[in-house]
Each structure stands twice: as structure tokens, then as C-alpha cells.
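Below is model.cif, which holds mmCIF, C-alpha atoms and all ligand atoms.
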data_input
loop_
_atom_site.group_PDB
_atom_site.id
_atom_site.type_symbol
_atom_site.label_atom_id
_atom_site.label_comp_id
_atom_site.auth_asym_id
_atom_site.auth_seq_id
_atom_site.Cartn_x
_atom_site.Cartn_y
_atom_site.Cartn_z
ATOM 1 C CA MET L 12 0.000 0.000 0.000
ATOM 2 C CA GLY L 13 1.326 3.427 -0.906
ATOM 3 C CA ALA L 14 1.382 6.631 1.093
ATOM 4 C CA PRO L 15 -1.864 8.473 1.818
ATOM 5 C CA LEU L 16 -2.497 11.152 -0.811
ATOM 6 C CA SER L 17 -1.993 13.826 1.827
ATOM 7 C CA THR L 18 1.594 12.777 2.629
ATOM 8 C CA ARG L 19 3.908 15.572 1.554
ATOM 9 C CA HIS L 20 7.206 14.243 0.256
ATOM 10 C CA PHE L 21 10.054 16.595 -0.680
ATOM 11 C CA LEU L 22 11.704 14.742 -3.530
ATOM 12 C CA ASP L 23 12.336 17.481 -6.088
ATOM 13 C CA LEU L 24 11.775 21.216 -6.486
ATOM 14 C CA TRP L 25 10.136 20.444 -9.817
ATOM 15 C CA THR L 26 7.066 18.976 -8.110
ATOM 16 C CA LEU L 27 6.492 22.018 -5.876
ATOM 17 C CA SER L 28 4.542 25.090 -6.959
ATOM 18 C CA GLY L 29 6.146 28.507 -7.122
ATOM 19 C CA ASP L 30 3.923 29.500 -4.181
ATOM 20 C CA ASP L 31 5.209 26.556 -2.129
ATOM 21 C CA LEU L 32 8.822 27.481 -2.886
ATOM 22 C CA ARG L 33 8.158 31.089 -1.948
ATOM 23 C CA ALA L 34 6.547 29.998 1.338
ATOM 24 C CA LEU L 35 9.547 27.771 2.126
ATOM 25 C CA LEU L 36 12.069 30.548 1.437
ATOM 26 C CA ASP L 37 10.111 33.099 3.453
ATOM 27 C CA GLU L 38 9.683 30.748 6.416
ATOM 28 C CA ALA L 39 13.380 29.863 6.381
ATOM 29 C CA ALA L 40 14.401 33.540 6.446
ATOM 30 C CA ARG L 41 11.806 34.402 9.110
ATOM 31 C CA ARG L 42 12.897 31.619 11.459
ATOM 32 C CA LYS L 43 16.586 32.387 10.961
ATOM 33 C CA ALA L 44 16.006 36.029 11.923
ATOM 34 C CA ALA L 45 13.777 35.129 14.878
ATOM 35 C CA ARG L 46 16.422 33.007 16.603
ATOM 36 C CA LEU L 47 19.417 35.329 16.195
ATOM 37 C CA GLY L 48 21.646 35.124 19.263
ATOM 38 C CA LEU L 49 20.285 31.801 20.549
ATOM 39 C CA PRO L 50 22.713 28.898 21.083
ATOM 40 C CA ARG L 51 22.589 26.689 17.992
ATOM 41 C CA GLY L 52 21.093 23.716 19.804
ATOM 42 C CA ALA L 53 18.373 25.737 21.540
ATOM 43 C CA ALA L 54 14.808 25.293 20.324
ATOM 44 C CA ASP L 55 12.865 28.010 18.527
ATOM 45 C CA GLU L 56 10.366 29.733 20.800
ATOM 46 C CA ASP L 57 7.394 27.772 19.413
ATOM 47 C CA SER L 58 9.132 24.343 19.182
ATOM 48 C CA PRO L 59 6.747 23.365 16.368
ATOM 49 C CA LEU L 60 8.053 19.795 15.999
ATOM 50 C CA SER L 61 8.197 18.982 19.693
ATOM 51 C CA GLY L 62 8.084 15.199 20.106
ATOM 52 C CA HIS L 63 8.712 14.527 16.404
ATOM 53 C CA VAL L 64 11.527 12.267 15.179
ATOM 54 C CA LEU L 65 13.322 12.399 11.823
ATOM 55 C CA ALA L 66 15.171 9.266 10.639
ATOM 56 C CA MET L 67 18.137 9.894 8.342
ATOM 57 C CA ILE L 68 19.513 7.180 6.053
ATOM 58 C CA PHE L 69 22.858 7.713 4.345
ATOM 59 C CA GLN L 70 24.152 5.600 1.473
ATOM 60 C CA LYS L 71 26.890 8.195 0.884
ATOM 61 C CA ASN L 72 29.141 10.351 3.047
ATOM 62 C CA SER L 73 27.883 13.682 4.360
ATOM 63 C CA THR L 74 28.912 16.512 6.649
ATOM 64 C CA ARG L 75 26.479 19.362 5.935
ATOM 65 C CA THR L 76 23.327 17.360 5.267
ATOM 66 C CA ARG L 77 23.749 15.219 8.358
ATOM 67 C CA VAL L 78 24.566 18.042 10.778
ATOM 68 C CA SER L 79 22.111 20.572 9.359
ATOM 69 C CA PHE L 80 19.147 18.196 9.559
ATOM 70 C CA ASP L 81 20.107 17.167 13.085
ATOM 71 C CA ILE L 82 20.513 20.741 14.318
ATOM 72 C CA GLY L 83 17.411 21.817 12.401
ATOM 73 C CA MET L 84 15.297 19.173 14.127
ATOM 74 C CA ARG L 85 16.670 20.223 17.547
ATOM 75 C CA GLN L 86 15.782 23.834 16.791
ATOM 76 C CA LEU L 87 12.252 22.760 15.849
ATOM 77 C CA GLY L 88 11.964 20.907 19.166
ATOM 78 C CA GLY L 89 12.336 17.399 17.680
ATOM 79 C CA SER L 90 15.084 14.802 17.431
ATOM 80 C CA THR L 91 16.801 12.520 14.903
ATOM 81 C CA VAL L 92 17.984 8.962 14.389
ATOM 82 C CA VAL L 93 20.957 8.757 12.003
ATOM 83 C CA MET L 94 21.748 5.540 10.146
ATOM 84 C CA SER L 95 24.252 4.421 7.576
ATOM 85 C CA ALA L 96 22.425 2.261 5.022
ATOM 86 C CA SER L 97 25.225 -0.314 5.218
ATOM 87 C CA ASP L 98 24.559 -0.785 8.955
ATOM 88 C CA MET L 99 20.843 -1.388 8.370
ATOM 89 C CA GLN L 100 19.067 -4.558 7.253
ATOM 90 C CA LEU L 101 18.532 -2.592 4.032
ATOM 91 C CA GLY L 102 22.221 -3.282 3.393
ATOM 92 C CA ARG L 103 21.581 -7.053 3.828
ATOM 93 C CA GLY L 104 18.690 -7.294 1.428
ATOM 94 C CA GLU L 105 15.596 -6.094 3.335
ATOM 95 C CA THR L 106 13.504 -4.363 0.709
ATOM 96 C CA ILE L 107 13.051 -0.629 0.448
ATOM 97 C CA ALA L 108 9.295 -1.176 0.677
ATOM 98 C CA ASP L 109 9.508 -3.096 3.964
ATOM 99 C CA THR L 110 12.005 -0.600 5.408
ATOM 100 C CA ALA L 111 9.648 2.238 4.496
ATOM 101 C CA ARG L 112 6.679 0.451 6.106
ATOM 102 C CA VAL L 113 8.607 -0.196 9.338
ATOM 103 C CA LEU L 114 10.065 3.315 9.682
ATOM 104 C CA SER L 115 6.611 4.759 8.996
ATOM 105 C CA ARG L 116 5.489 3.114 12.284
ATOM 106 C CA MET L 117 8.460 4.486 14.243
ATOM 107 C CA VAL L 118 9.306 8.013 13.100
ATOM 108 C CA ASP L 119 7.506 11.066 11.750
ATOM 109 C CA ALA L 120 9.642 11.696 8.642
ATOM 110 C CA VAL L 121 12.583 10.146 6.790
ATOM 111 C CA MET L 122 15.468 11.880 5.024
ATOM 112 C CA ILE L 123 17.445 9.729 2.576
ATOM 113 C CA ARG L 124 20.758 10.315 0.808
ATOM 114 C CA ALA L 125 20.795 7.646 -1.878
ATOM 115 C CA ASN L 126 22.860 6.519 -4.814
ATOM 116 C CA ARG L 127 19.813 6.120 -7.044
ATOM 117 C CA HIS L 128 16.974 8.620 -7.247
ATOM 118 C CA GLU L 129 14.530 5.830 -8.029
ATOM 119 C CA ASP L 130 15.254 4.282 -4.612
ATOM 120 C CA VAL L 131 14.081 7.464 -2.872
ATOM 121 C CA GLU L 132 10.960 7.525 -5.044
ATOM 122 C CA ASP L 133 10.391 3.855 -4.229
ATOM 123 C CA PHE L 134 10.797 4.547 -0.503
ATOM 124 C CA ALA L 135 8.312 7.415 -0.721
ATOM 125 C CA ALA L 136 5.806 5.220 -2.560
ATOM 126 C CA TYR L 137 5.671 2.819 0.393
ATOM 127 C CA ALA L 138 6.096 5.296 3.276
ATOM 128 C CA ASP L 139 3.160 6.704 5.215
ATOM 129 C CA VAL L 140 5.342 9.555 6.494
ATOM 130 C CA PRO L 141 7.059 12.332 4.510
ATOM 131 C CA VAL L 142 10.284 11.409 2.694
ATOM 132 C CA ILE L 143 12.937 14.037 1.963
ATOM 133 C CA ASN L 144 15.592 13.781 -0.744
ATOM 134 C CA GLY L 145 18.957 14.510 0.887
ATOM 135 C CA LEU L 146 20.798 14.092 -2.453
ATOM 136 C CA THR L 147 20.548 11.482 -5.178
ATOM 137 C CA ASP L 148 22.323 10.935 -8.472
ATOM 138 C CA LEU L 149 19.716 13.179 -10.100
ATOM 139 C CA SER L 150 19.055 16.081 -7.751
ATOM 140 C CA HIS L 151 19.802 17.926 -4.511
ATOM 141 C CA PRO L 152 16.716 20.016 -3.731
ATOM 142 C CA CYS L 153 17.612 20.852 -0.108
ATOM 143 C CA GLN L 154 20.903 22.355 -1.263
ATOM 144 C CA ILE L 155 19.302 24.577 -3.857
ATOM 145 C CA LEU L 156 16.674 25.823 -1.425
ATOM 146 C CA ALA L 157 19.557 26.910 0.842
ATOM 147 C CA ASP L 158 21.341 28.488 -2.147
ATOM 148 C CA LEU L 159 18.255 30.476 -3.121
ATOM 149 C CA MET L 160 17.820 31.593 0.488
ATOM 150 C CA THR L 161 21.449 32.774 0.497
ATOM 151 C CA ILE L 162 21.007 34.699 -2.747
ATOM 152 C CA GLU L 163 17.876 36.424 -1.481
ATOM 153 C CA ALA L 164 19.497 37.377 1.843
ATOM 154 C CA ARG L 165 22.308 39.163 -0.052
ATOM 155 C CA LEU L 166 20.652 40.367 -3.268
ATOM 156 C CA GLY L 167 16.888 40.419 -2.624
ATOM 157 C CA ASP L 168 14.221 38.522 -4.569
ATOM 158 C CA VAL L 169 15.820 35.991 -6.928
ATOM 159 C CA ARG L 170 13.163 36.729 -9.569
ATOM 160 C CA GLY L 171 14.844 38.484 -12.482
ATOM 161 C CA LYS L 172 18.367 37.642 -11.350
ATOM 162 C CA THR L 173 20.842 35.806 -13.592
ATOM 163 C CA LEU L 174 22.660 32.779 -12.201
ATOM 164 C CA ALA L 175 25.694 31.336 -13.994
ATOM 165 C CA TRP L 176 26.572 27.658 -13.477
ATOM 166 C CA VAL L 177 30.115 26.757 -14.493
ATOM 167 C CA GLY L 178 31.382 23.167 -14.440
ATOM 168 C CA ASP L 179 29.683 19.791 -14.204
ATOM 169 C CA GLY L 180 26.082 19.369 -15.386
ATOM 170 C CA ASN L 181 25.320 17.376 -12.261
ATOM 171 C CA ASN L 182 22.560 16.684 -9.737
ATOM 172 C CA VAL L 183 23.027 20.044 -7.972
ATOM 173 C CA LEU L 184 22.565 21.912 -11.235
ATOM 174 C CA ALA L 185 19.441 19.844 -11.944
ATOM 175 C CA SER L 186 17.734 21.317 -8.878
ATOM 176 C CA PHE L 187 18.569 24.838 -10.072
ATOM 177 C CA VAL L 188 16.999 23.895 -13.420
ATOM 178 C CA HIS L 189 13.881 22.669 -11.589
ATOM 179 C CA ALA L 190 13.564 25.925 -9.623
ATOM 180 C CA ALA L 191 14.266 28.398 -12.445
ATOM 181 C CA PRO L 192 10.775 28.501 -14.009
ATOM 182 C CA LYS L 193 9.071 28.381 -10.608
ATOM 183 C CA LEU L 194 10.875 31.412 -9.205
ATOM 184 C CA GLY L 195 11.648 33.345 -12.387
ATOM 185 C CA PHE L 196 15.430 33.535 -12.447
ATOM 186 C CA ALA L 197 17.602 33.092 -15.524
ATOM 187 C CA LEU L 198 20.139 30.277 -15.607
ATOM 188 C CA ARG L 199 23.171 30.271 -17.895
ATOM 189 C CA ILE L 200 25.062 26.996 -17.951
ATOM 190 C CA ALA L 201 28.610 26.356 -19.183
ATOM 191 C CA THR L 202 29.806 22.755 -19.094
ATOM 192 C CA PRO L 203 32.277 20.690 -21.121
ATOM 193 C CA PRO L 204 30.481 19.002 -24.055
ATOM 194 C CA ASP L 205 30.579 15.568 -22.423
ATOM 195 C CA TYR L 206 29.192 16.821 -19.097
ATOM 196 C CA ARG L 207 26.045 18.687 -20.090
ATOM 197 C CA PRO L 208 22.922 18.413 -17.888
ATOM 198 C CA ARG L 209 20.172 15.990 -18.870
ATOM 199 C CA GLY L 210 18.347 17.305 -21.918
ATOM 200 C CA GLN L 211 14.865 16.275 -20.836
ATOM 201 C CA GLU L 212 15.023 18.373 -17.681
ATOM 202 C CA ILE L 213 16.302 21.435 -19.525
ATOM 203 C CA ALA L 214 13.568 21.028 -22.149
ATOM 204 C CA ALA L 215 10.840 20.628 -19.523
ATOM 205 C CA ALA L 216 12.013 23.696 -17.589
ATOM 206 C CA GLN L 217 12.205 25.763 -20.777
ATOM 207 C CA LYS L 218 8.717 24.606 -21.760
ATOM 208 C CA ALA L 219 7.506 25.756 -18.331
ATOM 209 C CA GLY L 220 8.880 29.237 -19.070
ATOM 210 C CA GLY L 221 12.367 28.875 -17.622
ATOM 211 C CA ASP L 222 14.991 31.229 -19.078
ATOM 212 C CA ILE L 223 17.740 28.610 -19.385
ATOM 213 C CA THR L 224 20.658 28.835 -21.797
ATOM 214 C CA LEU L 225 23.511 26.416 -22.447
ATOM 215 C CA VAL L 226 26.760 28.018 -23.600
ATOM 216 C CA ALA L 227 30.158 26.550 -24.380
ATOM 217 C CA LYS L 228 32.458 29.042 -22.705
ATOM 218 C CA PRO L 229 32.462 29.894 -18.984
ATOM 219 C CA ARG L 230 32.905 33.590 -19.740
ATOM 220 C CA ASP L 231 29.705 33.610 -21.792
ATOM 221 C CA ALA L 232 27.780 32.202 -18.826
ATOM 222 C CA VAL L 233 29.328 34.538 -16.276
ATOM 223 C CA GLU L 234 29.203 37.851 -18.209
ATOM 224 C CA GLY L 235 27.176 40.275 -16.060
ATOM 225 C CA ALA L 236 25.717 37.481 -13.896
ATOM 226 C CA ASP L 237 24.411 38.170 -10.380
ATOM 227 C CA VAL L 238 25.566 34.815 -9.024
ATOM 228 C CA VAL L 239 28.324 32.410 -10.103
ATOM 229 C CA VAL L 240 27.989 28.798 -8.951
ATOM 230 C CA THR L 241 30.201 25.782 -9.351
ATOM 231 C CA ASP L 242 30.683 22.343 -7.817
ATOM 232 C CA THR L 243 33.307 19.650 -7.561
ATOM 233 C CA TRP L 244 34.434 18.116 -10.854
ATOM 234 C CA VAL L 245 34.285 14.571 -9.503
ATOM 235 C CA SER L 246 31.222 13.825 -7.395
ATOM 236 C CA MET L 247 30.701 10.792 -5.147
ATOM 237 C CA GLY L 248 30.198 7.758 -7.362
ATOM 238 C CA ASP L 249 31.584 9.282 -10.589
ATOM 239 C CA PRO L 250 33.661 6.518 -12.219
ATOM 240 C CA ASP L 251 35.607 8.602 -14.789
ATOM 241 C CA LYS L 252 37.926 10.692 -12.621
ATOM 242 C CA ASP L 253 40.792 10.914 -15.140
ATOM 243 C CA ALA L 254 38.553 12.044 -17.992
ATOM 244 C CA ARG L 255 36.920 14.621 -15.750
ATOM 245 C CA MET L 256 40.207 16.017 -14.503
ATOM 246 C CA ALA L 257 41.250 16.454 -18.146
ATOM 247 C CA ALA L 258 37.991 18.115 -19.261
ATOM 248 C CA PHE L 259 37.246 20.564 -16.469
ATOM 249 C CA PRO L 260 40.282 22.858 -15.934
ATOM 250 C CA PRO L 261 38.987 25.516 -18.410
ATOM 251 C CA TYR L 262 35.872 25.704 -16.202
ATOM 252 C CA ALA L 263 37.691 26.719 -13.011
ATOM 253 C CA VAL L 264 36.221 29.753 -11.235
ATOM 254 C CA THR L 265 39.120 32.154 -10.838
ATOM 255 C CA GLU L 266 39.330 35.859 -9.990
ATOM 256 C CA ASP L 267 39.592 36.604 -13.734
ATOM 257 C CA LEU L 268 36.340 34.754 -14.408
ATOM 258 C CA MET L 269 34.548 36.387 -11.454
ATOM 259 C CA ALA L 270 35.636 39.803 -12.762
ATOM 260 C CA ARG L 271 33.336 39.256 -15.761
ATOM 261 C CA ALA L 272 30.269 38.917 -13.518
ATOM 262 C CA HIS L 273 28.340 41.851 -12.029
ATOM 263 C CA LYS L 274 30.613 43.762 -9.642
ATOM 264 C CA ASP L 275 28.423 42.710 -6.675
ATOM 265 C CA ALA L 276 28.024 39.112 -7.873
ATOM 266 C CA LEU L 277 28.021 36.309 -5.315
ATOM 267 C CA PHE L 278 30.052 33.128 -5.522
ATOM 268 C CA LEU L 279 28.345 29.939 -4.322
ATOM 269 C CA HIS L 280 29.567 26.362 -3.924
ATOM 270 C CA CYS L 281 27.603 23.650 -2.114
ATOM 271 C CA LEU L 282 30.847 22.203 -0.664
ATOM 272 C CA PRO L 283 32.986 20.243 -0.138
ATOM 273 C CA ALA L 284 35.282 22.314 -2.372
ATOM 274 C CA HIS L 285 38.489 21.226 -4.048
ATOM 275 C CA ARG L 286 40.549 24.379 -3.806
ATOM 276 C CA GLY L 287 42.788 24.929 -6.794
ATOM 277 C CA GLU L 288 40.513 22.797 -8.977
ATOM 278 C CA GLU L 289 36.974 24.106 -9.563
ATOM 279 C CA VAL L 290 37.615 27.267 -7.508
ATOM 280 C CA SER L 291 40.666 29.259 -6.497
ATOM 281 C CA ASP L 292 41.412 30.155 -2.876
ATOM 282 C CA ALA L 293 41.102 33.823 -3.816
ATOM 283 C CA VAL L 294 37.500 33.371 -4.943
ATOM 284 C CA ILE L 295 36.194 31.034 -2.256
ATOM 285 C CA ASP L 296 37.864 33.080 0.493
ATOM 286 C CA GLY L 297 37.206 36.417 -1.207
ATOM 287 C CA PRO L 298 34.607 39.128 -0.532
ATOM 288 C CA GLN L 299 32.118 37.811 -3.097
ATOM 289 C CA SER L 300 31.994 34.330 -1.619
ATOM 290 C CA ALA L 301 28.842 33.454 0.334
ATOM 291 C CA VAL L 302 29.700 29.783 0.835
ATOM 292 C CA TRP L 303 29.656 29.810 4.647
ATOM 293 C CA ASP L 304 26.226 31.467 4.744
ATOM 294 C CA GLU L 305 25.177 28.921 2.131
ATOM 295 C CA ALA L 306 26.301 26.042 4.351
ATOM 296 C CA GLU L 307 24.590 27.483 7.448
ATOM 297 C CA ASN L 308 21.412 28.094 5.490
ATOM 298 C CA ARG L 309 21.038 24.362 4.989
ATOM 299 C CA ILE L 310 19.755 24.365 8.580
ATOM 300 C CA HIS L 311 17.195 27.108 8.052
ATOM 301 C CA ALA L 312 15.999 25.991 4.617
ATOM 302 C CA GLN L 313 15.526 22.396 5.783
ATOM 303 C CA LYS L 314 13.617 23.518 8.879
ATOM 304 C CA ALA L 315 11.115 25.054 6.481
ATOM 305 C CA VAL L 316 11.066 21.815 4.462
ATOM 306 C CA LEU L 317 10.384 19.763 7.603
ATOM 307 C CA LEU L 318 7.528 22.077 8.623
ATOM 308 C CA TRP L 319 6.058 21.928 5.112
ATOM 309 C CA CYS L 320 6.301 18.140 4.996
ATOM 310 C CA LEU L 321 4.612 17.801 8.382
ATOM 311 C CA GLY L 322 1.766 20.134 7.474
ATOM 312 C CA LYS L 323 2.848 23.007 9.686
ATOM 313 C CA LEU L 324 3.569 25.440 6.861
HETATM 314 N N1 LIG L 401 26.565 20.029 0.130
HETATM 315 C C1 LIG L 401 26.340 18.876 0.764
HETATM 316 O O1 LIG L 401 25.329 18.213 0.537
HETATM 317 O O2 LIG L 401 27.267 18.580 1.715
HETATM 318 P P1 LIG L 401 27.461 17.142 2.380
HETATM 319 O O3 LIG L 401 27.830 16.174 1.275
HETATM 320 O O4 LIG L 401 28.586 17.337 3.365
HETATM 321 O O5 LIG L 401 26.179 16.744 3.054
#
Show me this structure written as C-alpha cells.
Ligand code: CP
Amino acid sequence: MGAPLSTRHFLDLWTLSGDDLRALLDEAARRKAARLGLPRGAADEDSPLSGHVLAMIFQKNSTRTRVSFDIGMRQLGGSTVVMSASDMQLGRGETIADTARVLSRMVDAVMIRANRHEDVEDFAAYADVPVINGLTDLSHPCQILADLMTIEARLGDVRGKTLAWVGDGNNVLASFVHAAPKLGFALRIATPPDYRPRGQEIAAAQKAGGDITLVAKPRDAVEGADVVVTDTWVSMGDPDKDARMAAFPPYAVTEDLMARAHKDALFLHCLPAHRGEEVSDAVIDGPQSAVWDEAENRIHAQKAVLLWCLGKL
């Protein structure tokens, strides 16, 4: 039996309405401002998820996703159970469906970082509690919600802004593509020819009104942009490291490349960064970098996601 129709999963930004995304971003910013000065583990004044438990399942390594969800749940008054998939019966052949049914009797929501997107969709199909995508091979919606929150805190409403993506056409980029038509920002993408994003997602976002352009040269993506974003050249699970390390050097974000963007442009990177590869020290440590806000905002953005999933937003 599948989830009740009312169960709100957070699997991709593509499936949310523009109004939902706006509500999530506004709630994240409001809660962040309201708790300024509190110790990081202290609960928000209203403790809206008091007594609630989030289970987290990791098939891949994580620093930010793991800590930000844990701290976010504490701030909402709830708690977490963190599991490595390899330590679970899931790793010994228990089915995703049975795992989803069992956890649905024990916790209030489940966050999964999975190798295969279809496994998270499968889990959600059998769970009676909300399931949150904490990164798959295809997307990273929590990260992009935090990125959009960071942009808006520094530059105001993201609508009408131009974001330049330079580097790998990966899962993180896919979530930007999903959000572009919903929130009305332009996205210019420069990737090596062999590492372009998936065509069907670009086509769907363009059909939905997204202003999305693929260009060959990084400078053509970055020219006049409000935000420059990149990511590691070799993500977890990528098998072709040598080919990637040969293809990506022209796509490094350096001071020279940043100088082509708007003078007040932000630099974002979801981290972990490989300094001296996709980004220079001067850029990531420089005045235009917002990467530490971006990392912190994972907490605040995901608190809004948890409230939305549990029907409190
Ligand atoms: N950006 C991100 O998802 O970080 P982690 O891999 O450390 O969770």
C-alpha cells in the first residue's frame, strides 16, 4: 500500500509550486532572523516539531546534510535517528518497501541520501510519512533551497536575477533547473560538451517558461551574472575521474572569471570544495563568496522543508 495522498514528500523542487517554494524561502528567512543570538542547539520559541523524530539514512558520506538536519530538528523541538544504510538490514537485502513500512510506524519523517533517485521515489511510494531527498544521483533540492535563500538574503528577490553555473552538469545543477521557471530567475550553464545536464530536464524547464541557456564558454555564462555557482568536478560515485580532470580545468572559477560577472556578484559552492581545482582560494575566500552562509542556510531551509512536509507550513 502506498502513502496516503496527503503525505507531503520533498523529492524534487520540480514537483512544488512557485507558491510553495516562496513559502519555504520566506519561512526559512523568518525563522533564521527570529532566533538570532540563541545557542545553535536551543529550540525556537514555538518548538513546532516537539516530540517529532526524523530518521536519516545515508548511502553516501555527508557533513552538511547530516549536521544541518540534526541541528534543524533540535531547533524545531524534535530529534533525529541517524543511520548508515550499510549498517541497516537494508544493506543485507531487506527491501526498500519493507524498510519504508517499518520506519513509517516508528518516526515522523525520513530523510534519505541515496545513490539512485529511483530508490528514494520507491521509498516514498511505500512510506506513510514524509520522505525528503537529501541528495541522489539526479538532484539535490535541499541544497538549492539553501542556495536560493542565500542569494535572497544578499541580493533580494531571486526573480529576475541571472545565475551562472560553471562546471559539471550534475545533480546540484538539476535542482537549479527545476527551480528556475518556478521562481523566475535566468540560468546560464557552461559545461564541457561531455558533461552537459540531462536534456529532458532542460527542455521541460524551458517549456515551463524557464529562461535557461547552455553556452560553451564559462565567460559567456558569467558575463554580467548576479551569481556564479560551481561544484566539484568529480562527485561521489563518478567513475571517470581521469577524464573529468582532463575536461574541467577551463571551467575553473578564478578571480579573472569572477571579474566578468556583475561587480556585486556572489560566488556559491555547495561544498565540499576542491581548492585549486573548480575554484581558487582567492575566490572562495574572497569578498564575493557566500559559501559559509550557504552552508549554514542548509539548517534554516531544511527547517522550512520539515515544517512543510509535516503540514505546519
Ligand atoms: N553540500 C552537501 O550536501 O554537503 P554534504 O555532502 O557534506 O552533506
Nearby polymer residues, ligand LIG 401 (chain L), at most 10 Å, only C-alpha atoms and all ligand atoms, as a PyMOL selection string: chain L and resi 69+71-80+124+145-146+151-155+157+183+242+246-247+280-284+305-306+309
Now that the selection is made, can you save its residues with C-alpha atoms as a compact mmCIF listing (two decimals), keeping the file's coordinate frame?
# COMPACT_ATOMS: atom_id res chain seq x y z
CA PHE L 69 22.86 7.71 4.34
CA LYS L 71 26.89 8.20 0.88
CA ASN L 72 29.14 10.35 3.05
CA SER L 73 27.88 13.68 4.36
CA THR L 74 28.91 16.51 6.65
CA ARG L 75 26.48 19.36 5.94
CA THR L 76 23.33 17.36 5.27
CA ARG L 77 23.75 15.22 8.36
CA VAL L 78 24.57 18.04 10.78
CA SER L 79 22.11 20.57 9.36
CA PHE L 80 19.15 18.20 9.56
CA ARG L 124 20.76 10.32 0.81
CA GLY L 145 18.96 14.51 0.89
CA LEU L 146 20.80 14.09 -2.45
CA HIS L 151 19.80 17.93 -4.51
CA PRO L 152 16.72 20.02 -3.73
CA CYS L 153 17.61 20.85 -0.11
CA GLN L 154 20.90 22.36 -1.26
CA ILE L 155 19.30 24.58 -3.86
CA ALA L 157 19.56 26.91 0.84
CA VAL L 183 23.03 20.04 -7.97
CA ASP L 242 30.68 22.34 -7.82
CA SER L 246 31.22 13.82 -7.40
CA MET L 247 30.70 10.79 -5.15
CA HIS L 280 29.57 26.36 -3.92
CA CYS L 281 27.60 23.65 -2.11
CA LEU L 282 30.85 22.20 -0.66
CA PRO L 283 32.99 20.24 -0.14
CA ALA L 284 35.28 22.31 -2.37
CA GLU L 305 25.18 28.92 2.13
CA ALA L 306 26.30 26.04 4.35
CA ARG L 309 21.04 24.36 4.99
Counting only C-alpha atoms, closest pick from L:Glu56, L:Glu307, L:Asp31, L:Asp237 relative to Val169 of chain L is L:Asp237
List the neighbours of segment 251-257 of chain L out to 9 Å using only C-alpha atoms; skip same-chain residues closer than 3 positions along the sequence, and give me the result as a PDB file with C-alpha atoms, in the coordinates of the input.
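Saved the output as part33.pdb:
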ATOM      1  CA  TYR L 206      29.192  16.821 -19.097  1.00  0.00           C
ATOM      2  CA  TRP L 244      34.434  18.116 -10.854  1.00  0.00           C
ATOM      3  CA  VAL L 245      34.285  14.571  -9.503  1.00  0.00           C
ATOM      4  CA  PRO L 260      40.282  22.858 -15.934  1.00  0.00           C
ATOM      5  CA  GLU L 288      40.513  22.797  -8.977  1.00  0.00           C
TER       6      GLU L 288
END
List the spatial neighbours of segment 100-117 of chain L as a list in words - criterion: any atom at most 8 Å away, all atoms listed in the file, same-chain residues fewer than 2 positions off excluded. Ala66, Ala96, Ser97, Asp98, Asp119, Ala120, Val121, Asp130, Asp133, Phe134, Ala135, Ala136, Tyr137, Ala138, Asp139 and Val140 of chain L
I'd like to know which of L:Val238, L:Ala53, L:Val290, L:Val142 is closest to Gly171 of chain L, using only C-alpha atoms. L:Val238
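One finds atom CA of Asn126 of chain L at 28.9 Å from atom CA of Ala227 of chain L.
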Once the PyMOL selection byres (((chain L and resi 182) around 10) and not hetatm) is applied to the coordinates I shared, what remains selected? I want it as a VMD selection string. chain L and resid 146 to 152 179 to 181 183 to 188 208 to 209 246
Resulting file, chosen residues, C-alpha atoms, as a PDB file, in the frame of the given file:
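Wrote it out as selection-v7.pdb, contents follow:
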ATOM      1  CA  LEU L 146      20.798  14.092  -2.453  1.00  0.00           C
ATOM      2  CA  THR L 147      20.548  11.482  -5.178  1.00  0.00           C
ATOM      3  CA  ASP L 148      22.323  10.935  -8.472  1.00  0.00           C
ATOM      4  CA  LEU L 149      19.716  13.179 -10.100  1.00  0.00           C
ATOM      5  CA  SER L 150      19.055  16.081  -7.751  1.00  0.00           C
ATOM      6  CA  HIS L 151      19.802  17.926  -4.511  1.00  0.00           C
ATOM      7  CA  PRO L 152      16.716  20.016  -3.731  1.00  0.00           C
ATOM      8  CA  ASP L 179      29.683  19.791 -14.204  1.00  0.00           C
ATOM      9  CA  GLY L 180      26.082  19.369 -15.386  1.00  0.00           C
ATOM     10  CA  ASN L 181      25.320  17.376 -12.261  1.00  0.00           C
ATOM     11  CA  VAL L 183      23.027  20.044  -7.972  1.00  0.00           C
ATOM     12  CA  LEU L 184      22.565  21.912 -11.235  1.00  0.00           C
ATOM     13  CA  ALA L 185      19.441  19.844 -11.944  1.00  0.00           C
ATOM     14  CA  SER L 186      17.734  21.317  -8.878  1.00  0.00           C
ATOM     15  CA  PHE L 187      18.569  24.838 -10.072  1.00  0.00           C
ATOM     16  CA  VAL L 188      16.999  23.895 -13.420  1.00  0.00           C
ATOM     17  CA  PRO L 208      22.922  18.413 -17.888  1.00  0.00           C
ATOM     18  CA  ARG L 209      20.172  15.990 -18.870  1.00  0.00           C
ATOM     19  CA  SER L 246      31.222  13.825  -7.395  1.00  0.00           C
TER      20      SER L 246
END
